[in-house]
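S.K.: I'm passing along coords.cif; it holds mmCIF, C-alpha atoms (C1' of nucleotides).
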```cif
data_upload
#
loop_
_atom_site.label_atom_id
_atom_site.label_comp_id
_atom_site.auth_asym_id
_atom_site.auth_seq_id
_atom_site.Cartn_x
_atom_site.Cartn_y
_atom_site.Cartn_z
CA MET K 24 -18.19 -29.22 10.29
CA ILE K 25 -19.93 -29.46 6.93
CA LEU K 26 -16.83 -30.00 4.79
CA GLN K 27 -13.52 -31.72 5.58
CA GLU K 28 -10.29 -31.72 3.64
CA GLY K 29 -10.04 -34.82 1.48
CA PHE K 30 -13.80 -35.09 0.93
CA VAL K 31 -15.82 -33.87 -2.03
CA CYS K 32 -17.92 -30.78 -1.36
CA LYS K 33 -21.40 -32.23 -1.97
CA HIS K 34 -23.51 -29.18 -1.12
CA TYR K 35 -23.96 -25.54 -1.80
CA THR K 36 -24.90 -24.29 1.66
CA PHE K 37 -27.17 -21.38 2.55
CA VAL K 38 -26.74 -20.01 6.07
CA VAL K 39 -30.09 -19.22 7.69
CA THR K 40 -28.70 -18.36 11.13
CA GLY K 41 -25.22 -18.57 12.63
CA CYS K 42 -21.80 -18.24 11.08
CA PHE K 43 -19.30 -20.43 9.23
CA LYS K 44 -15.65 -20.23 8.23
CA MET K 45 -13.99 -21.83 5.21
CA TYR K 46 -10.28 -22.45 5.66
CA GLY K 47 -7.28 -24.37 4.43
CA THR K 48 -4.20 -25.54 6.28
CA ASP K 49 -0.50 -25.32 5.39
CA GLU K 50 2.12 -28.02 5.87
CA LYS K 51 2.72 -26.90 9.46
CA GLY K 52 -0.95 -27.36 10.25
CA ASN K 53 -1.79 -23.66 10.56
CA ALA K 54 -5.30 -22.75 9.43
CA HIS K 55 -5.90 -19.85 7.04
CA ASN K 56 -9.43 -18.47 6.73
CA ILE K 57 -10.50 -17.98 3.13
CA SER K 58 -13.94 -16.60 3.93
CA PHE K 59 -16.77 -16.34 6.42
CA ALA K 60 -20.47 -16.79 5.79
CA ALA K 61 -23.15 -15.47 8.13
CA GLU K 62 -26.94 -15.04 7.78
CA ASN K 63 -28.28 -15.05 4.19
CA ASP K 64 -24.93 -15.93 2.67
CA TRP K 65 -23.93 -18.92 0.56
CA ILE K 66 -20.83 -21.01 1.11
CA ALA K 67 -19.19 -23.94 -0.70
CA ASP K 68 -15.85 -25.00 -2.11
CA LEU K 69 -16.97 -24.43 -5.71
CA GLY K 70 -13.86 -26.05 -7.16
CA SER K 71 -14.57 -29.35 -5.41
CA PHE K 72 -18.36 -29.01 -5.83
CA TYR K 73 -18.19 -28.83 -9.63
CA SER K 74 -15.15 -31.02 -10.28
CA GLU K 75 -16.20 -33.59 -7.64
CA LYS K 76 -12.56 -33.87 -6.63
CA PRO K 77 -11.50 -33.97 -2.95
CA SER K 78 -11.44 -30.54 -1.38
CA LYS K 79 -8.39 -29.00 0.28
CA LEU K 80 -10.66 -26.93 2.50
CA PHE K 81 -12.71 -27.18 5.65
CA ILE K 82 -16.07 -25.50 6.27
CA GLU K 83 -16.93 -25.30 9.93
CA ALA K 84 -19.52 -23.59 12.12
CA LEU K 85 -18.28 -20.89 14.49
CA GLU K 86 -21.65 -20.73 16.26
CA PRO K 87 -24.72 -22.94 16.61
CA SER K 88 -26.24 -22.50 13.16
CA THR K 89 -29.12 -23.51 10.91
CA ILE K 90 -28.57 -24.09 7.22
CA LEU K 91 -30.19 -25.17 3.96
CA GLN K 92 -28.22 -27.32 1.55
CA ILE K 93 -28.67 -28.17 -2.11
CA GLU K 94 -26.89 -30.96 -3.96
CA LYS K 95 -25.20 -30.59 -7.30
CA THR K 96 -27.73 -32.63 -9.29
CA ASP K 97 -30.63 -30.63 -7.85
CA LEU K 98 -28.88 -27.34 -8.47
CA LEU K 99 -28.06 -28.31 -12.05
CA PHE K 100 -31.71 -29.28 -12.52
CA LEU K 101 -32.71 -25.80 -11.37
CA PHE K 102 -30.12 -24.17 -13.64
CA VAL K 103 -31.55 -26.03 -16.63
CA ASN K 104 -35.24 -25.73 -15.83
CA VAL K 105 -35.64 -22.46 -13.99
CA THR K 106 -33.69 -19.84 -15.90
CA LYS K 107 -33.78 -17.37 -12.99
CA PHE K 108 -31.36 -19.59 -11.11
CA ASP K 109 -28.54 -19.05 -13.57
CA ARG K 110 -29.14 -15.33 -13.15
CA ASN K 111 -29.21 -15.37 -9.37
CA PHE K 112 -26.16 -17.56 -8.94
CA ARG K 113 -24.27 -15.55 -11.54
CA VAL K 114 -24.88 -12.43 -9.47
CA ILE K 115 -23.96 -14.15 -6.20
CA VAL K 116 -20.69 -15.43 -7.63
CA GLU K 117 -19.87 -12.10 -9.27
CA GLU K 118 -20.17 -10.40 -5.90
CA LYS K 119 -17.89 -12.95 -4.30
CA LEU K 120 -15.36 -12.53 -7.10
CA ILE K 121 -15.32 -8.76 -6.66
CA GLU K 122 -14.88 -9.15 -2.90
CA LEU K 123 -12.05 -11.62 -3.34
CA GLN K 124 -10.31 -9.48 -5.94
CA ASN K 125 -10.39 -6.48 -3.60
CA ARG K 126 -9.01 -8.63 -0.84
CA LEU K 127 -6.16 -9.95 -2.96
CA LEU K 128 -5.17 -6.42 -3.92
CA LEU K 129 -5.40 -5.32 -0.29
CA ASN K 130 -3.17 -8.22 0.74
CA PHE K 131 -0.58 -7.16 -1.79
CA SER K 132 -0.67 -3.44 -1.26
CA SER K 133 -1.22 -2.74 2.43
CA ASN K 134 0.17 -3.72 5.77
CA THR K 135 -1.67 -5.54 8.53
CA GLN K 136 -2.70 -2.35 10.31
CA GLN K 137 -4.49 -1.10 7.19
CA ARG K 138 -6.02 -4.48 6.39
CA TYR K 139 -7.36 -4.77 9.92
CA THR K 140 -8.90 -1.28 9.73
CA VAL K 141 -10.56 -2.10 6.41
CA PHE K 142 -11.90 -5.35 7.87
CA LEU K 143 -13.42 -3.50 10.85
CA GLU K 144 -15.08 -0.99 8.52
CA GLN K 145 -16.26 -3.53 6.00
CA TYR K 146 -17.55 -6.20 8.36
CA PRO K 147 -18.39 -4.54 11.70
CA ASN K 148 -20.84 -7.34 12.52
CA LEU K 149 -18.31 -10.09 11.90
CA ALA K 150 -15.67 -8.12 13.78
CA MET K 151 -17.88 -8.21 16.86
CA ARG K 152 -18.88 -11.83 16.81
CA LEU K 153 -15.55 -13.40 15.77
CA SER K 154 -12.63 -14.12 18.07
CA ASN K 155 -9.35 -12.42 17.29
CA VAL K 156 -7.91 -15.83 16.50
CA GLN K 157 -10.35 -16.10 13.57
CA ILE K 158 -9.75 -12.53 12.43
CA ALA K 159 -5.97 -12.99 12.53
CA SER K 160 -6.33 -16.12 10.42
CA TYR K 161 -8.44 -14.15 7.92
CA LEU K 162 -5.92 -11.31 7.77
CA GLY K 163 -3.10 -13.80 7.32
CA VAL K 164 -1.17 -13.05 10.52
CA THR K 165 -0.72 -14.70 13.91
CA PRO K 166 -3.00 -13.83 16.82
CA GLU K 167 0.13 -12.52 18.57
CA PHE K 168 0.81 -10.03 15.83
CA LEU K 169 -2.82 -8.94 15.63
CA SER K 170 -2.63 -8.29 19.33
CA LYS K 171 0.38 -6.05 18.74
CA ILE K 172 -1.52 -4.17 16.02
CA ARG K 173 -4.53 -3.66 18.26
CA ALA K 174 -2.35 -2.32 21.05
CA GLN K 175 -1.05 0.37 18.71
CA LYS K 176 -4.59 1.56 17.94
CA PRO K 177 -6.00 3.91 20.57
CA SER K 178 -9.42 3.32 18.90
CA LYS K 179 -12.83 1.93 19.79
CA MET B 239 -4.32 0.60 -21.94
CA ILE B 240 -8.03 -0.22 -21.87
CA LEU B 241 -8.75 0.78 -18.27
CA GLN B 242 -7.15 3.45 -16.08
CA GLU B 243 -7.48 4.01 -12.36
CA GLY B 244 -10.11 6.66 -11.65
CA PHE B 245 -12.23 5.80 -14.69
CA VAL B 246 -15.29 3.58 -14.83
CA CYS B 247 -14.74 0.19 -16.45
CA LYS B 248 -17.13 0.50 -19.41
CA HIS B 249 -16.43 -2.82 -21.13
CA TYR B 250 -16.21 -6.52 -20.58
CA THR B 251 -13.24 -7.37 -22.81
CA PHE B 252 -12.64 -10.60 -24.71
CA VAL B 253 -9.03 -11.20 -25.76
CA VAL B 254 -8.80 -12.60 -29.30
CA THR B 255 -5.01 -12.46 -29.56
CA GLY B 256 -2.31 -11.04 -27.31
CA CYS B 257 -2.11 -10.67 -23.54
CA PHE B 258 -3.28 -8.20 -20.88
CA LYS B 259 -2.58 -7.56 -17.22
CA MET B 260 -4.94 -6.09 -14.62
CA TYR B 261 -3.16 -4.42 -11.74
CA GLY B 262 -3.51 -1.97 -8.89
CA THR B 263 -0.96 0.28 -7.26
CA ASP B 264 -0.12 0.94 -3.62
CA GLU B 265 0.61 4.30 -2.02
CA LYS B 266 4.27 4.05 -3.01
CA GLY B 267 3.30 3.58 -6.64
CA ASN B 268 4.27 -0.09 -6.89
CA ALA B 269 2.10 -2.12 -9.25
CA HIS B 270 0.56 -5.43 -8.15
CA ASN B 271 -0.80 -7.77 -10.82
CA ILE B 272 -4.24 -9.12 -9.98
CA SER B 273 -4.59 -11.24 -13.10
CA PHE B 274 -3.53 -11.85 -16.67
CA ALA B 275 -5.75 -12.57 -19.66
CA ALA B 276 -4.47 -14.16 -22.85
CA GLU B 277 -6.25 -15.66 -25.88
CA ASN B 278 -9.92 -16.62 -25.35
CA ASP B 279 -10.09 -15.11 -21.90
CA TRP B 280 -12.33 -12.36 -20.55
CA ILE B 281 -11.12 -9.43 -18.48
CA ALA B 282 -12.81 -6.52 -16.69
CA ASP B 283 -12.93 -4.83 -13.31
CA LEU B 284 -16.34 -6.28 -12.50
CA GLY B 285 -16.77 -4.12 -9.39
CA SER B 286 -16.45 -0.93 -11.39
CA PHE B 287 -18.31 -2.36 -14.42
CA TYR B 288 -21.49 -3.10 -12.45
CA SER B 289 -21.37 -0.31 -9.86
CA GLU B 290 -20.24 2.27 -12.45
CA LYS B 291 -17.92 3.71 -9.83
CA PRO B 292 -14.32 4.71 -10.67
CA SER B 293 -11.99 1.74 -10.79
CA LYS B 294 -8.85 1.39 -8.67
CA LEU B 295 -7.31 -0.82 -11.32
CA PHE B 296 -5.50 -0.61 -14.63
CA ILE B 297 -5.89 -3.02 -17.56
CA GLU B 298 -3.03 -2.84 -19.98
CA ALA B 299 -1.75 -4.81 -22.97
CA LEU B 300 1.56 -6.62 -22.56
CA GLU B 301 1.75 -7.39 -26.28
CA PRO B 302 0.15 -6.11 -29.48
CA SER B 303 -3.37 -7.53 -29.09
CA THR B 304 -6.78 -7.73 -30.69
CA ILE B 305 -9.92 -7.65 -28.57
CA LEU B 306 -13.71 -7.62 -28.63
CA GLN B 307 -15.57 -5.43 -26.15
CA ILE B 308 -19.17 -5.36 -24.96
CA GLU B 309 -20.81 -2.54 -23.01
CA LYS B 310 -22.88 -3.00 -19.90
CA THR B 311 -26.24 -2.09 -21.51
CA ASP B 312 -25.64 -4.54 -24.35
CA LEU B 313 -24.53 -7.29 -21.98
CA LEU B 314 -27.57 -6.73 -19.74
CA PHE B 315 -29.77 -6.89 -22.84
CA LEU B 316 -28.24 -10.26 -23.65
CA PHE B 317 -28.66 -11.48 -20.08
CA VAL B 318 -32.38 -10.61 -20.20
CA ASN B 319 -33.15 -11.77 -23.73
CA VAL B 320 -30.82 -14.69 -24.38
CA THR B 321 -30.94 -16.94 -21.36
CA LYS B 322 -27.77 -18.81 -22.39
CA PHE B 323 -25.73 -15.74 -21.55
CA ASP B 324 -26.54 -15.89 -17.87
CA ARG B 325 -25.39 -19.48 -17.97
CA ASN B 326 -22.15 -18.83 -19.81
CA PHE B 327 -21.12 -15.86 -17.75
CA ARG B 328 -22.01 -17.66 -14.55
CA VAL B 329 -19.63 -20.44 -15.53
CA ILE B 330 -16.87 -18.01 -16.57
CA VAL B 331 -17.10 -16.14 -13.29
CA GLU B 332 -17.26 -19.33 -11.24
CA GLU B 333 -14.00 -20.46 -12.81
CA LYS B 334 -12.35 -17.17 -12.01
CA LEU B 335 -13.61 -17.33 -8.44
CA ILE B 336 -12.18 -20.82 -7.98
CA GLU B 337 -8.84 -19.70 -9.43
CA LEU B 338 -8.70 -16.65 -7.19
CA GLN B 339 -9.64 -18.64 -4.12
CA ASN B 340 -6.84 -21.11 -4.77
CA ARG B 341 -4.46 -18.24 -5.24
CA LEU B 342 -5.45 -16.56 -1.99
CA LEU B 343 -4.90 -19.80 -0.10
CA LEU B 344 -1.55 -20.28 -1.81
CA ASN B 345 -0.53 -16.76 -0.85
CA PHE B 346 -1.36 -17.48 2.76
CA SER B 347 0.10 -20.91 3.06
CA SER B 348 3.26 -21.10 0.94
CA ASN B 349 6.47 -19.24 0.41
CA THR B 350 7.60 -17.54 -2.78
CA GLN B 351 9.56 -20.56 -3.99
CA GLN B 352 6.46 -22.77 -3.86
CA ARG B 353 4.19 -20.11 -5.37
CA TYR B 354 6.61 -19.63 -8.24
CA THR B 355 6.77 -23.37 -8.91
CA VAL B 356 2.96 -23.61 -8.91
CA PHE B 357 2.78 -20.66 -11.30
CA LEU B 358 5.20 -22.32 -13.71
CA GLU B 359 3.20 -25.55 -13.62
CA GLN B 360 -0.19 -23.89 -13.87
CA TYR B 361 0.59 -21.32 -16.56
CA PRO B 362 3.58 -22.57 -18.58
CA ASN B 363 2.49 -20.45 -21.56
CA LEU B 364 2.25 -17.26 -19.54
CA ALA B 365 5.53 -18.08 -17.81
CA MET B 366 7.26 -18.10 -21.20
CA ARG B 367 5.81 -14.94 -22.65
CA LEU B 368 5.86 -12.71 -19.55
CA SER B 369 8.90 -10.86 -18.21
CA ASN B 370 10.05 -11.69 -14.72
CA VAL B 371 9.03 -8.21 -13.67
CA GLN B 372 5.39 -9.11 -14.44
CA ILE B 373 5.64 -12.51 -12.79
CA ALA B 374 7.19 -11.02 -9.64
CA SER B 375 4.34 -8.51 -9.48
CA TYR B 376 1.85 -11.38 -9.80
CA LEU B 377 3.57 -13.40 -7.06
CA GLY B 378 3.66 -10.34 -4.81
CA VAL B 379 7.44 -9.99 -4.53
CA THR B 380 10.10 -7.72 -6.01
CA PRO B 381 11.92 -8.69 -9.21
CA GLU B 382 15.11 -8.80 -7.14
CA PHE B 383 13.69 -11.43 -4.85
CA LEU B 384 12.29 -13.48 -7.72
CA SER B 385 15.75 -13.43 -9.21
CA LYS B 386 17.15 -14.86 -5.99
CA ILE B 387 14.49 -17.60 -6.02
CA ARG B 388 15.29 -18.52 -9.60
CA ALA B 389 19.00 -18.72 -8.81
CA GLN B 390 18.24 -21.32 -6.12
CA LYS B 391 16.42 -23.53 -8.63
CA PRO B 392 18.71 -25.68 -10.75
CA SER B 393 15.65 -26.31 -12.99
CA LYS B 394 14.47 -25.34 -16.45
"C1'" DT W 131 -13.52 -23.86 45.38
"C1'" DT W 132 -10.48 -25.66 42.21
"C1'" DC W 133 -9.36 -27.17 37.83
"C1'" DA W 134 -9.55 -26.98 32.82
"C1'" DT W 135 -9.98 -24.74 28.52
"C1'" DA W 136 -9.91 -21.11 25.43
"C1'" DC W 137 -8.64 -16.58 24.35
"C1'" DC W 138 -5.81 -12.44 24.66
"C1'" DT W 139 -1.50 -10.08 25.57
"C1'" DT W 140 3.54 -9.09 26.16
"C1'" DA W 141 8.24 -9.53 25.10
"C1'" DA W 142 12.73 -11.43 23.31
"C1'" DC W 143 14.58 -13.16 19.47
"C1'" DC W 144 14.47 -14.84 14.43
"C1'" DT W 145 13.46 -15.03 9.28
"C1'" DA W 146 11.55 -13.88 4.84
"C1'" DC W 147 11.37 -10.49 2.05
"C1'" DA W 148 11.99 -5.27 0.89
"C1'" DT W 149 15.07 -1.57 -0.13
"C1'" DT W 150 18.83 0.47 -2.13
"C1'" DA W 151 22.52 0.57 -5.03
"C1'" DA W 152 25.37 -1.19 -8.43
"C1'" DG W 153 26.68 -3.59 -12.62
"C1'" DG W 154 25.83 -6.51 -16.76
"C1'" DC W 155 23.05 -8.10 -20.96
"C1'" DT W 156 20.21 -7.28 -24.94
"C1'" DA W 157 17.49 -4.71 -28.18
"C1'" DT W 158 16.29 -0.58 -30.34
"C1'" DT W 159 17.32 4.05 -31.82
"C1'" DT W 160 20.45 7.59 -33.66
"C1'" DA V 111 29.31 2.60 -33.23
"C1'" DA V 112 27.49 4.80 -29.58
"C1'" DA V 113 23.67 5.82 -26.71
"C1'" DT V 114 19.46 4.85 -24.47
"C1'" DA V 115 16.21 1.92 -22.13
"C1'" DG V 116 14.47 -2.50 -20.21
"C1'" DC V 117 15.42 -6.40 -17.96
"C1'" DC V 118 18.02 -9.48 -14.97
"C1'" DT V 119 21.23 -10.27 -11.25
"C1'" DT V 120 24.07 -9.67 -6.91
"C1'" DA V 121 24.82 -8.07 -2.50
"C1'" DA V 122 24.37 -4.99 1.84
"C1'" DT V 123 21.37 -3.50 5.06
"C1'" DG V 124 16.58 -2.75 6.95
"C1'" DT V 125 11.92 -4.15 8.63
"C1'" DA V 126 7.30 -6.47 9.02
"C1'" DG V 127 5.79 -10.11 10.85
"C1'" DG V 128 6.74 -15.03 12.81
"C1'" DT V 129 8.18 -17.96 16.72
"C1'" DT V 130 8.51 -19.20 21.22
"C1'" DA V 131 7.47 -18.83 25.77
"C1'" DA V 132 5.21 -16.95 29.52
"C1'" DG V 133 1.54 -15.02 32.03
"C1'" DG V 134 -3.34 -12.95 32.41
"C1'" DT V 135 -8.33 -13.31 32.14
"C1'" DA V 136 -12.91 -15.29 31.52
"C1'" DT V 137 -15.99 -19.19 31.42
"C1'" DG V 138 -17.65 -23.40 32.68
"C1'" DA V 139 -17.30 -27.98 34.69
"C1'" DA V 140 -16.44 -31.20 38.80
#
```
Please express the file's structure as structure tokens.

M.R.:
Amino acid sequence: MILQEGFVCKHYTFVVTGCFKMYGTDEKGNAHNISFAAENDWIADLGSFYSEKPSKLFIEALEPSTILQIEKTDLLFLFVNVTKFDRNFRVIVEEKLIELQNRLLLNFSSNTQQRYTVFLEQYPNLAMRLSNVQIASYLGVTPEFLSKIRAQKPSK
Amino acid sequence: MILQEGFVCKHYTFVVTGCFKMYGTDEKGNAHNISFAAENDWIADLGSFYSEKPSKLFIEALEPSTILQIEKTDLLFLFVNVTKFDRNFRVIVEEKLIELQNRLLLNFSSNTQQRYTVFLEQYPNLAMRLSNVQIASYLGVTPEFLSKIRAQKPSK
DNA sequence: TTCATACCTTAACCTACATTAAGGCTATTT
DNA sequence: AAATAGCCTTAATGTAGGTTAAGGTATGAA
């Protein structure tokens, strides 16, 4: 667990090996996965990281993992002194924005069956290594309902 | 209408005055608002803009508006030659990512009543100038259901 | 071996929201 | 003044997905 609700997100984390989930909880205590991060991906609650306000999110390992972390002051130093870093982090964040925008649209405009199919196509590696509990939480449905969906599919 | 589904998003658009919506449609033809952009905000389908693939989204004015637009080649020129631009656009995109992430979590973890209340608090200006049809499409519900929600609230 | 824990599935019933259809209000056009 | 077109509302009926509860399976520990 590298970030807990109520604490400030102090690090931008780079995943070397393993896999993490970032999630929030509702008033009933149900967890909702916002995103996953596996090898060579970055993860942080950017809102909390920059504002230094308590986060509403958790970031937690799903497997034994190795990571690299950078603090805000060090990252800001790099942004100011090594211009390439602005570039690289701009591109990283742009990609995440595009991904999230597609996901929001998909959430609005398709049913769980379709969203599950897209997930399997888009992240075959994650689909293999994650439990259906985690995938259901990412799709925004209960594990029970995902199970129903899977039963309907004759597929692989 | 500055972007249509099926066309490549050729410009990053800055809104000087007025208001725009970016939306996608589902197979039944219903529109779903991804985001709004009013004065001093940027809007583009970044996925299409960078990949130069046809967009799945529309960007359309909701009011008579004035805008400034920059093309990809010109923006890339600025990124390479004026280092401040990487910085500024990184920050802009980070803010949008944070906003979208909050919204995704809200969509997962609260009901329409709560999402509507948050929208009113977060964007009081937009709430005033947009029709309920547009707000419903942003919240991900039908105008009929939004109407029911509003009837339950004794509020302003 | 037995027990514990975590995950997956099934099924009956329930709820939030969609769908359809209708009617009213306001603004603009003719 | 009448007609058209958007927008908002109400209400009935329908459906995707949630809830609850139970049982099944795999893994690992004692």

S.K.: Using the chain letters and numbering of this document, enumerate as a count of residues only the residues selected by the PyMOL selection byres ((chain K) within 12 of (chain W)).

M.R.: 14

S.K.: Which polymer residues, whether protein, DNA or RNA, lie within 9 Å of the coordinate (5.4, -20.0, 13.8) when you count only C-alpha atoms (C1' of nucleotides)? List them as JSON, numbers by chain, using the chain letters and numbers from the file.

M.R.: {"K": [51, 53, 165], "V": [128, 129, 130]}

S.K.: For a test of reading the model, state the distance in Å between atom CA of B:Gln339 and atom CA of K:Arg126, rounded to one decimal.

M.R.: 10.6 Å

S.K.: Compile the residues of chain B that lie within 10 Å of chain K, evaluated using all atoms listed in the file, and express the compilation as number ranges by chain.

M.R.: B: 261-273, 283-286, 288, 294-295, 317-318, 321-348, 375-379

S.K.: Report as a list in words the full result of the PyMOL selection byres ((chain B and resi 364) around 12) when it is applied to this structure.

M.R.: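 After applying the PyMOL selection byres ((chain B and resi 364) around 12), what remains is Gly256, Cys257, Phe258, Lys259, Ser273, Phe274, Ala275, Ala276, Glu277, Leu300, Glu301, Phe357, Leu358, Glu359, Gln360, Tyr361, Pro362, Asn363, Ala365, Met366, Arg367, Leu368, Ser369, Asn370, Gln372, Ile373 and Tyr376 of chain B.
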
S.K.: Write the selection just made, keeping C-alpha atoms, as a compact mmCIF listing (two decimals), in the frame of the given file?

M.R.:
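out.txt written:
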```txt
# COMPACT_ATOMS: atom_id res chain seq x y z
CA GLY B 256 -2.31 -11.04 -27.31
CA CYS B 257 -2.11 -10.67 -23.54
CA PHE B 258 -3.28 -8.20 -20.88
CA LYS B 259 -2.58 -7.56 -17.22
CA SER B 273 -4.59 -11.24 -13.10
CA PHE B 274 -3.53 -11.85 -16.67
CA ALA B 275 -5.75 -12.57 -19.66
CA ALA B 276 -4.47 -14.16 -22.85
CA GLU B 277 -6.25 -15.66 -25.88
CA LEU B 300 1.56 -6.62 -22.56
CA GLU B 301 1.75 -7.39 -26.28
CA PHE B 357 2.78 -20.66 -11.30
CA LEU B 358 5.20 -22.32 -13.71
CA GLU B 359 3.20 -25.55 -13.62
CA GLN B 360 -0.19 -23.89 -13.87
CA TYR B 361 0.59 -21.32 -16.56
CA PRO B 362 3.58 -22.57 -18.58
CA ASN B 363 2.49 -20.45 -21.56
CA ALA B 365 5.53 -18.08 -17.81
CA MET B 366 7.26 -18.10 -21.20
CA ARG B 367 5.81 -14.94 -22.65
CA LEU B 368 5.86 -12.71 -19.55
CA SER B 369 8.90 -10.86 -18.21
CA ASN B 370 10.05 -11.69 -14.72
CA GLN B 372 5.39 -9.11 -14.44
CA ILE B 373 5.64 -12.51 -12.79
CA TYR B 376 1.85 -11.38 -9.80
```

S.K.: Would you mind listing, as number ranges by chain, all residues of chain V that have at least one atom within 9 Å of chain B, where only C-alpha atoms (C1' of nucleotides) are what counts?

M.R.: V: 117-120

S.K.: Under the PyMOL selection byres ((chain K and resi 77) around 6), which residues of this model are included? Write them out as a PyMOL selection string.

M.R.: chain K and resi 29-31+76+78

S.K.: One number please: atom CA of K:Pro87 to atom CA of K:Asn63, in Å, one decimal.

M.R.: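 These atoms are spaced 15.1 Å apart.
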
S.K.: Which distance in Å separates atom CA of K:Leu26 and atom CA of K:Met45, to one decimal?

M.R.: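 If I compute the distance from atom CA of K:Leu26 to atom CA of K:Met45, I get 8.7 Å.
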
S.K.: Is it possible to get the axis-aligned box enclosing stretch 136-149 of chain K (all listed atoms, 3 Å extra per side) as JSON, with centre and edge lengths in Å rounded to one decimal?

M.R.:
```
{"center_x": -11.8, "center_y": -5.5, "center_z": 9.3, "size_x": 24.1, "size_y": 15.1, "size_z": 12.5}
```

S.K.: Can you list, as a list in words, every protein, DNA or RNA residue that comes within 8 Å of B:Thr251 when you count all atoms listed in the file, leaving out same-chain residues fewer than 3 positions away?

M.R.: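 Residues meeting the cut-off are Trp280, Ile281, Ala282, Ile305, Leu306, Gln307 and Ile308 of chain B.
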